[in-house]
$ cat start-v6.tsv   # TSV, N, CA and C atoms
chain	number	residue	atom	x	y	z
A	1	MET	N	113.26	118.19	115.74
A	1	MET	CA	113.18	117.28	116.86
A	1	MET	C	114.29	116.25	116.73
A	2	ASN	N	114.90	115.86	117.80
A	2	ASN	CA	116.01	114.93	117.77
A	2	ASN	C	115.54	113.56	118.25
A	3	TYR	N	115.51	112.60	117.35
A	3	TYR	CA	115.07	111.25	117.68
A	3	TYR	C	116.27	110.34	117.81
A	4	GLY	N	116.23	109.43	118.76
A	4	GLY	CA	117.23	108.39	118.86
A	4	GLY	C	116.72	107.14	118.17
A	5	LEU	N	117.59	106.40	117.56
A	5	LEU	CA	117.18	105.19	116.85
A	5	LEU	C	117.75	103.97	117.54
A	6	CYS	N	116.93	102.96	117.71
A	6	CYS	CA	117.44	101.77	118.38
A	6	CYS	C	117.95	100.74	117.38
A	7	PHE	N	117.61	100.84	116.11
A	7	PHE	CA	118.23	100.04	115.06
A	7	PHE	C	117.88	100.65	113.72
A	8	TYR	N	118.56	100.20	112.68
A	8	TYR	CA	118.39	100.85	111.39
A	8	TYR	C	117.24	100.34	110.55
A	9	GLY	N	116.66	99.24	110.91
A	9	GLY	CA	115.47	98.83	110.18
A	9	GLY	C	115.42	97.34	109.93
A	10	VAL	N	114.24	96.87	109.75
A	10	VAL	CA	113.96	95.50	109.39
A	10	VAL	C	113.13	95.58	108.13
A	11	PHE	N	113.40	94.71	107.19
A	11	PHE	CA	112.65	94.72	105.95
A	11	PHE	C	111.73	93.51	105.92
A	12	LEU	N	110.51	93.73	105.52
A	12	LEU	CA	109.51	92.67	105.49
A	12	LEU	C	108.95	92.50	104.09
A	13	LYS	N	108.74	91.26	103.72
A	13	LYS	CA	107.95	90.94	102.54
A	13	LYS	C	106.87	90.02	103.03
A	14	THR	N	105.65	90.41	102.82
A	14	THR	CA	104.55	89.63	103.36
A	14	THR	C	103.38	89.64	102.41
A	15	LEU	N	102.44	88.77	102.65
A	15	LEU	CA	101.20	88.71	101.89
A	15	LEU	C	100.08	89.27	102.74
A	16	LEU	N	98.98	89.57	102.11
A	16	LEU	CA	97.82	90.06	102.84
A	16	LEU	C	97.33	88.99	103.82
A	17	PRO	N	96.78	89.40	104.95
A	17	PRO	CA	96.18	88.44	105.88
A	17	PRO	C	95.02	87.70	105.20
A	18	LYS	N	94.69	86.52	105.72
A	18	LYS	CA	93.65	85.68	105.13
A	18	LYS	C	92.31	86.41	105.00
A	19	LYS	N	91.93	87.18	106.04
A	19	LYS	CA	90.64	87.89	105.98
A	19	LYS	C	90.61	88.89	104.84
A	20	ASP	N	91.75	89.54	104.56
A	20	ASP	CA	91.81	90.49	103.46
A	20	ASP	C	91.83	89.77	102.11
A	21	ARG	N	92.47	88.61	102.06
A	21	ARG	CA	92.46	87.83	100.81
A	21	ARG	C	91.04	87.42	100.47
A	22	GLU	N	90.25	87.08	101.49
A	22	GLU	CA	88.84	86.72	101.27
A	22	GLU	C	88.07	87.90	100.70
A	23	LEU	N	88.29	89.09	101.26
A	23	LEU	CA	87.58	90.28	100.79
A	23	LEU	C	87.94	90.64	99.34
A	24	LEU	N	89.16	90.30	98.95
A	24	LEU	CA	89.64	90.68	97.63
A	24	LEU	C	89.68	89.52	96.65
A	25	LYS	N	88.94	88.45	96.92
A	25	LYS	CA	89.02	87.25	96.08
A	25	LYS	C	88.63	87.51	94.62
A	26	GLU	N	87.89	88.57	94.37
A	26	GLU	CA	87.52	88.92	93.00
A	26	GLU	C	88.67	89.61	92.25
A	27	TYR	N	89.74	89.93	92.97
A	27	TYR	CA	90.89	90.62	92.38
A	27	TYR	C	92.16	89.80	92.63
A	28	PRO	N	92.29	88.64	91.98
A	28	PRO	CA	93.42	87.74	92.28
A	28	PRO	C	94.79	88.36	92.00
A	29	GLU	N	94.85	89.34	91.11
A	29	GLU	CA	96.16	89.96	90.81
A	29	GLU	C	96.71	90.73	92.01
A	30	VAL	N	95.85	91.09	92.96
A	30	VAL	CA	96.27	91.84	94.13
A	30	VAL	C	96.55	90.92	95.32
A	31	ILE	N	95.82	89.84	95.41
A	31	ILE	CA	95.87	88.97	96.59
A	31	ILE	C	97.28	88.48	96.91
A	32	TYR	N	98.00	88.01	95.93
A	32	TYR	CA	99.30	87.39	96.20
A	32	TYR	C	100.47	88.31	95.87
A	33	GLU	N	100.20	89.58	95.71
A	33	GLU	CA	101.27	90.54	95.49
A	33	GLU	C	102.00	90.78	96.81
A	34	GLN	N	103.31	90.71	96.77
A	34	GLN	CA	104.08	90.92	98.01
A	34	GLN	C	104.08	92.38	98.39
A	35	LEU	N	103.95	92.61	99.68
A	35	LEU	CA	104.02	93.96	100.22
A	35	LEU	C	105.41	94.13	100.83
A	36	CYS	N	106.13	95.13	100.42
A	36	CYS	CA	107.46	95.39	100.96
A	36	CYS	C	107.41	96.64	101.83
A	37	CYS	N	107.96	96.53	103.01
A	37	CYS	CA	107.99	97.69	103.89
A	37	CYS	C	109.24	97.62	104.77
A	38	ARG	N	109.51	98.69	105.41
A	38	ARG	CA	110.66	98.81	106.29
A	38	ARG	C	110.18	99.26	107.66
A	39	LEU	N	110.62	98.58	108.69
A	39	LEU	CA	110.27	98.96	110.06
A	39	LEU	C	111.46	99.67	110.68
A	40	VAL	N	111.20	100.79	111.29
A	40	VAL	CA	112.26	101.57	111.95
A	40	VAL	C	111.81	101.81	113.39
A	41	CYS	N	112.66	101.45	114.33
A	41	CYS	CA	112.38	101.68	115.74
A	41	CYS	C	112.94	103.05	116.12
A	42	VAL	N	112.10	103.87	116.70
A	42	VAL	CA	112.50	105.23	117.05
A	42	VAL	C	112.37	105.42	118.56
A	43	ASP	N	113.45	105.88	119.18
A	43	ASP	CA	113.44	106.23	120.60
A	43	ASP	C	112.95	107.66	120.70
A	44	LEU	N	111.82	107.86	121.39
A	44	LEU	CA	111.20	109.18	121.45
A	44	LEU	C	111.87	110.13	122.45
A	45	GLY	N	112.84	109.65	123.17
A	45	GLY	CA	113.58	110.51	124.09
A	45	GLY	C	113.01	110.56	125.50
A	46	ASN	N	111.82	110.03	125.70
A	46	ASN	CA	111.21	110.02	127.03
A	46	ASN	C	111.14	108.60	127.60
A	47	GLY	N	111.90	107.70	127.01
A	47	GLY	CA	111.88	106.30	127.44
A	47	GLY	C	110.97	105.44	126.59
A	48	ASP	N	110.09	106.07	125.80
A	48	ASP	CA	109.20	105.33	124.92
A	48	ASP	C	109.85	105.10	123.56
A	49	LYS	N	109.46	104.01	122.93
A	49	LYS	CA	109.92	103.70	121.58
A	49	LYS	C	108.72	103.42	120.71
A	50	GLU	N	108.83	103.76	119.45
A	50	GLU	CA	107.78	103.48	118.48
A	50	GLU	C	108.40	102.73	117.30
A	51	ILE	N	107.61	101.83	116.75
A	51	ILE	CA	108.00	101.16	115.51
A	51	ILE	C	107.22	101.84	114.40
A	52	ARG	N	107.92	102.36	113.43
A	52	ARG	CA	107.28	103.04	112.31
A	52	ARG	C	107.49	102.22	111.05
A	53	CYS	N	106.44	102.12	110.28
A	53	CYS	CA	106.45	101.33	109.06
A	53	CYS	C	106.42	102.27	107.87
A	54	THR	N	107.28	102.00	106.89
A	54	THR	CA	107.35	102.87	105.72
A	54	THR	C	107.58	102.05	104.46
A	55	SER	N	107.16	102.59	103.34
A	55	SER	CA	107.46	101.97	102.05
A	55	SER	C	108.78	102.49	101.48
A	56	LEU	N	109.42	103.42	102.19
A	56	LEU	CA	110.73	103.93	101.78
A	56	LEU	C	111.79	102.93	102.21
A	57	THR	N	112.09	101.98	101.34
A	57	THR	CA	112.97	100.87	101.72
A	57	THR	C	114.43	101.09	101.38
A	58	GLY	N	114.78	102.12	100.66
A	58	GLY	CA	116.16	102.35	100.26
A	58	GLY	C	117.00	102.94	101.39
A	59	THR	N	117.78	102.09	102.07
A	59	THR	CA	118.57	102.57	103.22
A	59	THR	C	119.67	103.54	102.80
A	60	GLU	N	120.18	103.41	101.58
A	60	GLU	CA	121.22	104.33	101.13
A	60	GLU	C	120.64	105.67	100.73
A	61	LYS	N	119.34	105.72	100.47
A	61	LYS	CA	118.69	106.96	100.06
A	61	LYS	C	117.92	107.59	101.23
A	62	PHE	N	117.34	106.76	102.08
A	62	PHE	CA	116.53	107.23	103.21
A	62	PHE	C	117.08	106.64	104.50
A	63	TYR	N	117.83	107.41	105.23
A	63	TYR	CA	118.41	106.94	106.49
A	63	TYR	C	117.34	106.87	107.56
A	64	ALA	N	117.56	106.02	108.54
A	64	ALA	CA	116.57	105.80	109.60
A	64	ALA	C	116.22	107.10	110.33
A	65	ASN	N	117.20	107.94	110.61
A	65	ASN	CA	116.90	109.19	111.31
A	65	ASN	C	116.06	110.13	110.44
A	66	GLU	N	116.22	110.05	109.13
A	66	GLU	CA	115.39	110.86	108.23
A	66	GLU	C	113.95	110.35	108.20
A	67	ILE	N	113.79	109.04	108.31
A	67	ILE	CA	112.44	108.46	108.36
A	67	ILE	C	111.69	109.01	109.57
A	68	ALA	N	112.36	109.06	110.71
A	68	ALA	CA	111.74	109.59	111.93
A	68	ALA	C	111.32	111.04	111.73
A	69	GLU	N	112.16	111.83	111.11
A	69	GLU	CA	111.86	113.24	110.86
A	69	GLU	C	110.71	113.40	109.87
A	70	LEU	N	110.74	112.62	108.79
A	70	LEU	CA	109.67	112.69	107.79
A	70	LEU	C	108.33	112.29	108.39
A	71	TYR	N	108.35	111.29	109.24
A	71	TYR	CA	107.12	110.84	109.89
A	71	TYR	C	106.51	111.97	110.72
A	72	HIS	N	107.35	112.71	111.39
A	72	HIS	CA	106.90	113.85	112.19
A	72	HIS	C	106.20	114.88	111.30
A	73	PHE	N	106.80	115.19	110.15
A	73	PHE	CA	106.21	116.17	109.24
A	73	PHE	C	104.91	115.67	108.62
A	74	ARG	N	104.81	114.37	108.41
A	74	ARG	CA	103.65	113.77	107.75
A	74	ARG	C	102.44	113.67	108.67
A	75	TRP	N	102.65	113.72	109.97
A	75	TRP	CA	101.58	113.47	110.93
A	75	TRP	C	100.37	114.37	110.73
A	76	GLY	N	100.56	115.65	110.49
A	76	GLY	CA	99.45	116.57	110.28
A	76	GLY	C	98.61	116.19	109.07
A	77	GLU	N	99.28	115.72	108.01
A	77	GLU	CA	98.56	115.27	106.81
A	77	GLU	C	97.68	114.07	107.13
A	78	GLU	N	98.24	113.13	107.87
A	78	GLU	CA	97.48	111.92	108.22
A	78	GLU	C	96.26	112.27	109.07
A	79	GLU	N	96.41	113.19	110.00
A	79	GLU	CA	95.29	113.61	110.82
A	79	GLU	C	94.20	114.28	109.97
A	80	GLY	N	94.61	115.03	108.96
A	80	GLY	CA	93.65	115.64	108.04
A	80	GLY	C	92.86	114.60	107.27
A	81	TYR	N	93.54	113.55	106.78
A	81	TYR	CA	92.85	112.46	106.09
A	81	TYR	C	91.87	111.76	107.03
A	82	LYS	N	92.28	111.53	108.28
A	82	LYS	CA	91.41	110.87	109.24
A	82	LYS	C	90.14	111.69	109.47
A	83	LEU	N	90.29	113.00	109.62
A	83	LEU	CA	89.14	113.88	109.81
A	83	LEU	C	88.22	113.86	108.60
A	84	PHE	N	88.81	113.94	107.41
A	84	PHE	CA	88.03	113.91	106.17
A	84	PHE	C	87.26	112.60	106.05
A	85	LYS	N	87.93	111.47	106.31
A	85	LYS	CA	87.28	110.16	106.21
A	85	LYS	C	86.12	110.03	107.19
A	86	SER	N	86.26	110.57	108.39
A	86	SER	CA	85.17	110.47	109.35
A	86	SER	C	83.99	111.35	108.95
A	87	ARG	N	84.27	112.52	108.40
A	87	ARG	CA	83.19	113.42	107.98
A	87	ARG	C	82.45	112.89	106.75
A	88	VAL	N	83.19	112.27	105.85
A	88	VAL	CA	82.57	111.74	104.64
A	88	VAL	C	81.99	110.35	104.89
A	89	GLU	N	82.32	109.76	106.01
A	89	GLU	CA	81.85	108.42	106.39
A	89	GLU	C	82.15	107.40	105.30
A	90	VAL	N	83.42	107.28	104.94
A	90	VAL	CA	83.82	106.43	103.83
A	90	VAL	C	83.51	104.95	104.03
A	91	GLU	N	83.25	104.54	105.24
A	91	GLU	CA	82.92	103.13	105.46
A	91	GLU	C	81.42	102.91	105.52
A	92	GLN	N	80.63	103.92	105.22
A	92	GLN	CA	79.18	103.83	105.31
A	92	GLN	C	78.51	104.06	103.95
A	93	PHE	N	79.09	103.56	102.89
A	93	PHE	CA	78.47	103.74	101.58
A	93	PHE	C	77.22	102.88	101.45
A	94	SER	N	76.23	103.38	100.72
A	94	SER	CA	74.94	102.69	100.63
A	94	SER	C	74.94	101.53	99.64
A	95	GLU	N	75.87	101.53	98.73
A	95	GLU	CA	75.91	100.49	97.70
A	95	GLU	C	77.31	99.88	97.61
A	96	LYS	N	77.44	98.85	96.79
A	96	LYS	CA	78.71	98.14	96.66
A	96	LYS	C	79.40	98.35	95.32
A	97	THR	N	78.66	98.76	94.29
A	97	THR	CA	79.28	98.91	92.98
A	97	THR	C	80.18	100.15	92.96
A	98	ALA	N	81.17	100.14	92.09
A	98	ALA	CA	82.11	101.26	92.00
A	98	ALA	C	81.36	102.56	91.66
A	99	TRP	N	80.42	102.48	90.75
A	99	TRP	CA	79.67	103.68	90.35
A	99	TRP	C	78.89	104.25	91.53
A	100	ALA	N	78.21	103.38	92.29
A	100	ALA	CA	77.39	103.84	93.41
A	100	ALA	C	78.26	104.41	94.53
A	101	VAL	N	79.41	103.80	94.80
A	101	VAL	CA	80.32	104.32	95.82
A	101	VAL	C	80.82	105.69	95.42
A	102	LYS	N	81.17	105.83	94.14
A	102	LYS	CA	81.64	107.13	93.64
A	102	LYS	C	80.54	108.18	93.79
A	103	GLN	N	79.32	107.81	93.48
A	103	GLN	CA	78.19	108.74	93.62
A	103	GLN	C	78.00	109.13	95.09
A	104	ASP	N	78.02	108.16	95.98
A	104	ASP	CA	77.91	108.43	97.42
A	104	ASP	C	79.02	109.36	97.89
A	105	PHE	N	80.23	109.07	97.44
A	105	PHE	CA	81.39	109.86	97.85
A	105	PHE	C	81.20	111.33	97.47
A	106	TYR	N	80.86	111.60	96.22
A	106	TYR	CA	80.68	112.97	95.77
A	106	TYR	C	79.50	113.64	96.47
A	107	ALA	N	78.44	112.89	96.70
A	107	ALA	CA	77.28	113.46	97.38
A	107	ALA	C	77.66	113.88	98.81
A	108	LYS	N	78.44	113.05	99.49
A	108	LYS	CA	78.84	113.37	100.87
A	108	LYS	C	79.84	114.53	100.89
A	109	CYS	N	80.71	114.60	99.89
A	109	CYS	CA	81.68	115.71	99.84
A	109	CYS	C	81.00	117.04	99.58
A	110	LEU	N	79.97	117.03	98.78
A	110	LEU	CA	79.31	118.27	98.37
A	110	LEU	C	78.18	118.70	99.30
A	111	SER	N	77.79	117.82	100.23
A	111	SER	CA	76.68	118.18	101.12
A	111	SER	C	77.17	118.89	102.36
$ encode --input "start-v6.tsv" --output "C-alpha coordinates"
Amino acid sequence: MNYGLCFYGVFLKTLLPKKDRELLKEYPEVIYEQLCCRLVCVDLGNGDKEIRCTSLTGTEKFYANEIAELYHFRWGEEEGYKLFKSRVEVEQFSEKTAWAVKQDFYAKCLS
(Lines of atoms letter the chains of each structure in order from A and count residues from 1; the text may use other names and numbers.)
(Lines give C-alpha, C1' and ligand atoms only; values in the text may rest on other atoms or scores of the structure.)
Protein backbone atom coordinates (compact mmCIF):
# COMPACT_ATOMS: atom_id res chain seq x y z
CA MET A 1 0.00 0.00 0.00
CA ASN A 2 1.33 3.46 -0.81
CA TYR A 3 0.89 5.99 1.98
CA GLY A 4 1.58 9.69 1.74
CA LEU A 5 3.14 11.40 4.72
CA CYS A 6 2.31 14.90 5.79
CA PHE A 7 5.35 15.23 8.09
CA TYR A 8 8.14 13.10 9.45
CA GLY A 9 7.12 12.99 13.07
CA VAL A 10 6.80 14.71 16.37
CA PHE A 11 8.48 13.34 19.45
CA LEU A 12 6.77 13.49 22.81
CA LYS A 13 7.96 12.99 26.34
CA THR A 14 5.10 12.97 28.75
CA LEU A 15 3.95 11.69 32.11
CA LEU A 16 0.92 9.60 32.87
CA PRO A 17 -2.37 11.49 33.22
CA LYS A 18 -3.42 12.35 36.79
CA LYS A 19 -6.17 9.67 36.85
CA ASP A 20 -3.61 7.00 35.93
CA ARG A 21 -1.13 8.30 38.51
CA GLU A 22 -3.87 7.88 41.14
CA LEU A 23 -4.50 4.28 40.05
CA LEU A 24 -0.79 3.49 40.23
CA LYS A 25 0.05 5.34 43.45
CA GLU A 26 1.25 2.07 45.01
CA TYR A 27 3.92 1.85 42.28
CA PRO A 28 5.81 5.17 42.50
CA GLU A 29 8.66 3.92 40.30
CA VAL A 30 6.22 3.85 37.36
CA ILE A 31 4.24 7.02 38.00
CA TYR A 32 6.90 9.56 37.06
CA GLU A 33 8.65 7.55 34.37
CA GLN A 34 8.68 9.48 31.11
CA LEU A 35 6.90 7.94 28.17
CA CYS A 36 8.63 8.53 24.84
CA CYS A 37 6.74 8.14 21.61
CA ARG A 38 6.74 9.36 18.05
CA LEU A 39 3.70 10.67 16.21
CA VAL A 40 3.55 10.20 12.46
CA CYS A 41 0.85 11.75 10.31
CA VAL A 42 -0.17 9.49 7.44
CA ASP A 43 -2.18 10.59 4.41
CA LEU A 44 -4.43 7.63 3.56
CA GLY A 45 -4.81 8.67 -0.06
CA ASN A 46 -8.56 9.31 0.11
CA GLY A 47 -8.27 12.76 1.69
CA ASP A 48 -8.20 11.36 5.23
CA LYS A 49 -5.19 11.56 7.52
CA GLU A 50 -4.34 9.54 10.59
CA ILE A 51 -1.93 10.25 13.40
CA ARG A 52 -0.13 7.08 14.42
CA CYS A 53 1.77 6.75 17.66
CA THR A 54 4.78 4.47 17.97
CA SER A 55 7.58 3.70 20.37
CA LEU A 56 9.93 3.37 17.36
CA THR A 57 11.59 6.74 17.85
CA GLY A 58 14.77 6.27 15.80
CA THR A 59 14.21 8.34 12.65
CA GLU A 60 17.48 7.15 11.09
CA LYS A 61 16.46 3.53 11.64
CA PHE A 62 12.68 3.73 11.13
CA TYR A 63 11.54 6.13 8.42
CA ALA A 64 8.04 7.59 8.57
CA ASN A 65 6.89 5.72 5.46
CA GLU A 66 8.08 2.45 7.01
CA ILE A 67 6.08 3.21 10.16
CA ALA A 68 2.93 3.51 8.03
CA GLU A 69 3.67 0.17 6.36
CA LEU A 70 4.47 -1.59 9.65
CA TYR A 71 1.27 -0.28 11.18
CA HIS A 72 -0.68 -1.82 8.32
CA PHE A 73 0.94 -5.23 8.92
CA ARG A 74 0.40 -4.99 12.68
CA TRP A 75 -3.33 -4.27 12.44
CA GLY A 76 -4.40 -7.93 12.24
CA GLU A 77 -2.40 -8.72 15.39
CA GLU A 78 -4.06 -5.88 17.28
CA GLU A 79 -7.51 -7.06 16.24
CA GLY A 80 -6.64 -10.55 17.50
CA TYR A 81 -5.63 -9.14 20.91
CA LYS A 82 -8.87 -7.13 21.06
CA LEU A 83 -10.93 -10.26 20.35
CA PHE A 84 -9.00 -12.28 22.93
CA LYS A 85 -9.40 -9.56 25.59
CA SER A 86 -13.15 -9.36 25.03
CA ARG A 87 -13.58 -13.15 25.21
CA VAL A 88 -11.48 -13.46 28.35
CA GLU A 89 -13.14 -10.35 29.83
CA VAL A 90 -9.85 -9.01 31.16
CA GLU A 91 -11.54 -6.03 32.80
CA GLN A 92 -13.98 -8.23 34.74
CA PHE A 93 -11.71 -10.02 37.20
CA SER A 94 -13.36 -11.04 40.46
CA GLU A 95 -10.47 -10.10 42.73
CA LYS A 96 -7.73 -7.48 42.97
CA THR A 97 -4.65 -9.42 44.11
CA ALA A 98 -2.11 -10.55 41.52
CA TRP A 99 -2.63 -14.20 42.45
CA ALA A 100 -6.43 -14.00 42.11
CA VAL A 101 -6.24 -12.14 38.78
CA LYS A 102 -3.85 -14.78 37.47
CA GLN A 103 -6.22 -17.52 38.62
CA ASP A 104 -9.20 -15.79 36.96
CA PHE A 105 -7.21 -15.31 33.77
CA TYR A 106 -6.27 -18.98 33.46
CA ALA A 107 -9.77 -20.11 34.39
CA LYS A 108 -11.28 -17.92 31.65
CA CYS A 109 -8.69 -19.05 29.08
CA LEU A 110 -9.30 -22.72 29.77
CA SER A 111 -13.09 -22.58 29.98
$ atom_distance --input "start-v6.tsv" --atom1 "CA of Lys25 (chain A)" --atom2 "CA of Leu39 (chain A)"
28.0 Å
$ closest_residue --input "start-v6.tsv" --among "A:Lys85, A:Arg52, A:Lys19, A:Arg74" --to "Lys108 (chain A)" --atoms "only C-alpha atoms"
A:Lys85
$ atom_distance --input "start-v6.tsv" --atom1 "atom C of Glu77 (chain A)" --atom2 "CA of Gln34 (chain A)"
25.7 Å
$ atom_distance --input "start-v6.tsv" --atom1 "CA of Pro17 (chain A)" --atom2 "CA of Tyr32 (chain A)"
10.2 Å
$ closest_residue --input "start-v6.tsv" --among "A:Leu83, A:Glu78, A:Lys49, A:Val40" --to "Ala64 (chain A)" --atoms "only C-alpha atoms"
A:Val40
$ select_by_dssp --input "start-v6.tsv" --residues "chain A" --states "alpha helix (DSSP H)" --output "ChimeraX atom specification"
/A:18-23,28-31,64-88,98-110
$ axis_aligned_box --input "start-v6.tsv" --around "region 25-33 of chain A" --padding-each-side "8 Å" --output "lines of an AutoDock Vina configuration file"
center_x = 94.8
center_y = 89.5
center_z = 93.9
size_x = 30.5
size_y = 20.6
size_z = 22.1
$ closest_residue --input "start-v6.tsv" --among "A:Phe84, A:Leu15, A:Val101, A:Glu60" --to "Glu33 (chain A)" --atoms "only N, CA and C atoms"
A:Leu15
$ closest_residue --input "start-v6.tsv" --among "A:Val42, A:Cys37, A:Val90, A:Ile67" --to "Thr54 (chain A)" --atoms "all atoms listed in the file"
A:Cys37
$ residues_around --input "start-v6.tsv" --residues "Val30 (chain A)" --least-positions-apart "6" --cutoff "8 Å" --atoms "all atoms listed in the file" --output "list in words"
Leu16, Arg21 and Leu24 of chain A
$ select_by_dssp --input "start-v6.tsv" --residues "region 16-80 of chain A" --states "strand (DSSP E)" --output "PDB file with N, CA and C atoms, in the frame of the given file"
ATOM      1  N   LEU A  35     103.950  92.610  99.680  1.00  0.00           N
ATOM      2  CA  LEU A  35     104.020  93.960 100.220  1.00  0.00           C
ATOM      3  C   LEU A  35     105.410  94.130 100.830  1.00  0.00           C
ATOM      4  N   CYS A  36     106.130  95.130 100.420  1.00  0.00           N
ATOM      5  CA  CYS A  36     107.460  95.390 100.960  1.00  0.00           C
ATOM      6  C   CYS A  36     107.410  96.640 101.830  1.00  0.00           C
ATOM      7  N   CYS A  37     107.960  96.530 103.010  1.00  0.00           N
ATOM      8  CA  CYS A  37     107.990  97.690 103.890  1.00  0.00           C
ATOM      9  C   CYS A  37     109.240  97.620 104.770  1.00  0.00           C
ATOM     10  N   ARG A  38     109.510  98.690 105.410  1.00  0.00           N
ATOM     11  CA  ARG A  38     110.660  98.810 106.290  1.00  0.00           C
ATOM     12  C   ARG A  38     110.180  99.260 107.660  1.00  0.00           C
ATOM     13  N   LEU A  39     110.620  98.580 108.690  1.00  0.00           N
ATOM     14  CA  LEU A  39     110.270  98.960 110.060  1.00  0.00           C
ATOM     15  C   LEU A  39     111.460  99.670 110.680  1.00  0.00           C
ATOM     16  N   VAL A  40     111.200 100.790 111.290  1.00  0.00           N
ATOM     17  CA  VAL A  40     112.260 101.570 111.950  1.00  0.00           C
ATOM     18  C   VAL A  40     111.810 101.810 113.390  1.00  0.00           C
ATOM     19  N   CYS A  41     112.660 101.450 114.330  1.00  0.00           N
ATOM     20  CA  CYS A  41     112.380 101.680 115.740  1.00  0.00           C
ATOM     21  C   CYS A  41     112.940 103.050 116.120  1.00  0.00           C
ATOM     22  N   VAL A  42     112.100 103.870 116.700  1.00  0.00           N
ATOM     23  CA  VAL A  42     112.500 105.230 117.050  1.00  0.00           C
ATOM     24  C   VAL A  42     112.370 105.420 118.560  1.00  0.00           C
ATOM     25  N   ASP A  43     113.450 105.880 119.180  1.00  0.00           N
ATOM     26  CA  ASP A  43     113.440 106.230 120.600  1.00  0.00           C
ATOM     27  C   ASP A  43     112.950 107.660 120.700  1.00  0.00           C
ATOM     28  N   LYS A  49     109.460 104.010 122.930  1.00  0.00           N
ATOM     29  CA  LYS A  49     109.920 103.700 121.580  1.00  0.00           C
ATOM     30  C   LYS A  49     108.720 103.420 120.710  1.00  0.00           C
ATOM     31  N   GLU A  50     108.830 103.760 119.450  1.00  0.00           N
ATOM     32  CA  GLU A  50     107.780 103.480 118.480  1.00  0.00           C
ATOM     33  C   GLU A  50     108.400 102.730 117.300  1.00  0.00           C
ATOM     34  N   ILE A  51     107.610 101.830 116.750  1.00  0.00           N
ATOM     35  CA  ILE A  51     108.000 101.160 115.510  1.00  0.00           C
ATOM     36  C   ILE A  51     107.220 101.840 114.400  1.00  0.00           C
ATOM     37  N   ARG A  52     107.920 102.360 113.430  1.00  0.00           N
ATOM     38  CA  ARG A  52     107.280 103.040 112.310  1.00  0.00           C
ATOM     39  C   ARG A  52     107.490 102.220 111.050  1.00  0.00           C
ATOM     40  N   CYS A  53     106.440 102.120 110.280  1.00  0.00           N
ATOM     41  CA  CYS A  53     106.450 101.330 109.060  1.00  0.00           C
ATOM     42  C   CYS A  53     106.420 102.270 107.870  1.00  0.00           C
ATOM     43  N   THR A  54     107.280 102.000 106.890  1.00  0.00           N
ATOM     44  CA  THR A  54     107.350 102.870 105.720  1.00  0.00           C
ATOM     45  C   THR A  54     107.580 102.050 104.460  1.00  0.00           C
TER      46      THR A  54
END
$ decode --input "start-v6.tsv" --residues "region 79-103 of chain A" --atoms "N, CA and C atoms" --output "JSON list (two decimals), in the first residue's frame"
[["chain", "number", "residue", "atom", "x", "y", "z"],
["A", 79, "GLU", "N", -6.13, -6.60, 16.24],
["A", 79, "GLU", "CA", -7.51, -7.06, 16.24],
["A", 79, "GLU", "C", -7.64, -8.40, 16.95],
["A", 80, "GLY", "N", -6.65, -9.26, 16.80],
["A", 80, "GLY", "CA", -6.64, -10.55, 17.50],
["A", 80, "GLY", "C", -6.57, -10.36, 19.01],
["A", 81, "TYR", "N", -5.71, -9.44, 19.47],
["A", 81, "TYR", "CA", -5.63, -9.14, 20.91],
["A", 81, "TYR", "C", -6.96, -8.59, 21.42],
["A", 82, "LYS", "N", -7.59, -7.71, 20.64],
["A", 82, "LYS", "CA", -8.87, -7.13, 21.06],
["A", 82, "LYS", "C", -9.92, -8.23, 21.22],
["A", 83, "LEU", "N", -9.98, -9.15, 20.28],
["A", 83, "LEU", "CA", -10.93, -10.26, 20.35],
["A", 83, "LEU", "C", -10.66, -11.14, 21.57],
["A", 84, "PHE", "N", -9.38, -11.46, 21.79],
["A", 84, "PHE", "CA", -9.00, -12.28, 22.93],
["A", 84, "PHE", "C", -9.39, -11.60, 24.25],
["A", 85, "LYS", "N", -9.08, -10.30, 24.36],
["A", 85, "LYS", "CA", -9.40, -9.56, 25.59],
["A", 85, "LYS", "C", -10.90, -9.53, 25.85],
["A", 86, "SER", "N", -11.70, -9.40, 24.81],
["A", 86, "SER", "CA", -13.15, -9.36, 25.03],
["A", 86, "SER", "C", -13.68, -10.74, 25.43],
["A", 87, "ARG", "N", -13.13, -11.80, 24.86],
["A", 87, "ARG", "CA", -13.58, -13.15, 25.21],
["A", 87, "ARG", "C", -13.16, -13.54, 26.62],
["A", 88, "VAL", "N", -11.97, -13.12, 27.02],
["A", 88, "VAL", "CA", -11.48, -13.46, 28.35],
["A", 88, "VAL", "C", -12.01, -12.48, 29.40],
["A", 89, "GLU", "N", -12.59, -11.39, 28.95],
["A", 89, "GLU", "CA", -13.14, -10.35, 29.83],
["A", 89, "GLU", "C", -12.10, -9.87, 30.83],
["A", 90, "VAL", "N", -10.97, -9.39, 30.31],
["A", 90, "VAL", "CA", -9.85, -9.01, 31.16],
["A", 90, "VAL", "C", -10.16, -7.86, 32.12],
["A", 91, "GLU", "N", -11.20, -7.13, 31.88],
["A", 91, "GLU", "CA", -11.54, -6.03, 32.80],
["A", 91, "GLU", "C", -12.59, -6.46, 33.81],
["A", 92, "GLN", "N", -12.94, -7.73, 33.85],
["A", 92, "GLN", "CA", -13.98, -8.23, 34.74],
["A", 92, "GLN", "C", -13.44, -9.26, 35.73],
["A", 93, "PHE", "N", -12.25, -9.06, 36.24],
["A", 93, "PHE", "CA", -11.71, -10.02, 37.20],
["A", 93, "PHE", "C", -12.43, -9.90, 38.53],
["A", 94, "SER", "N", -12.58, -11.03, 39.23],
["A", 94, "SER", "CA", -13.36, -11.04, 40.46],
["A", 94, "SER", "C", -12.59, -10.53, 41.68],
["A", 95, "GLU", "N", -11.30, -10.53, 41.60],
["A", 95, "GLU", "CA", -10.47, -10.10, 42.73],
["A", 95, "GLU", "C", -9.44, -9.07, 42.29],
["A", 96, "LYS", "N", -8.71, -8.53, 43.25],
["A", 96, "LYS", "CA", -7.73, -7.48, 42.97],
["A", 96, "LYS", "C", -6.28, -7.94, 43.13],
["A", 97, "THR", "N", -6.03, -9.00, 43.89],
["A", 97, "THR", "CA", -4.65, -9.42, 44.11],
["A", 97, "THR", "C", -4.08, -10.06, 42.84],
["A", 98, "ALA", "N", -2.77, -9.99, 42.71],
["A", 98, "ALA", "CA", -2.11, -10.55, 41.52],
["A", 98, "ALA", "C", -2.41, -12.04, 41.39],
["A", 99, "TRP", "N", -2.38, -12.76, 42.49],
["A", 99, "TRP", "CA", -2.63, -14.20, 42.45],
["A", 99, "TRP", "C", -4.04, -14.49, 41.96],
["A", 100, "ALA", "N", -5.03, -13.76, 42.48],
["A", 100, "ALA", "CA", -6.43, -14.00, 42.11],
["A", 100, "ALA", "C", -6.69, -13.62, 40.65],
["A", 101, "VAL", "N", -6.09, -12.53, 40.18],
["A", 101, "VAL", "CA", -6.24, -12.14, 38.78],
["A", 101, "VAL", "C", -5.65, -13.21, 37.87],
["A", 102, "LYS", "N", -4.49, -13.71, 38.26],
["A", 102, "LYS", "CA", -3.85, -14.78, 37.47],
["A", 102, "LYS", "C", -4.74, -16.02, 37.43],
["A", 103, "GLN", "N", -5.32, -16.36, 38.56],
["A", 103, "GLN", "CA", -6.22, -17.52, 38.62],
["A", 103, "GLN", "C", -7.44, -17.29, 37.73]]
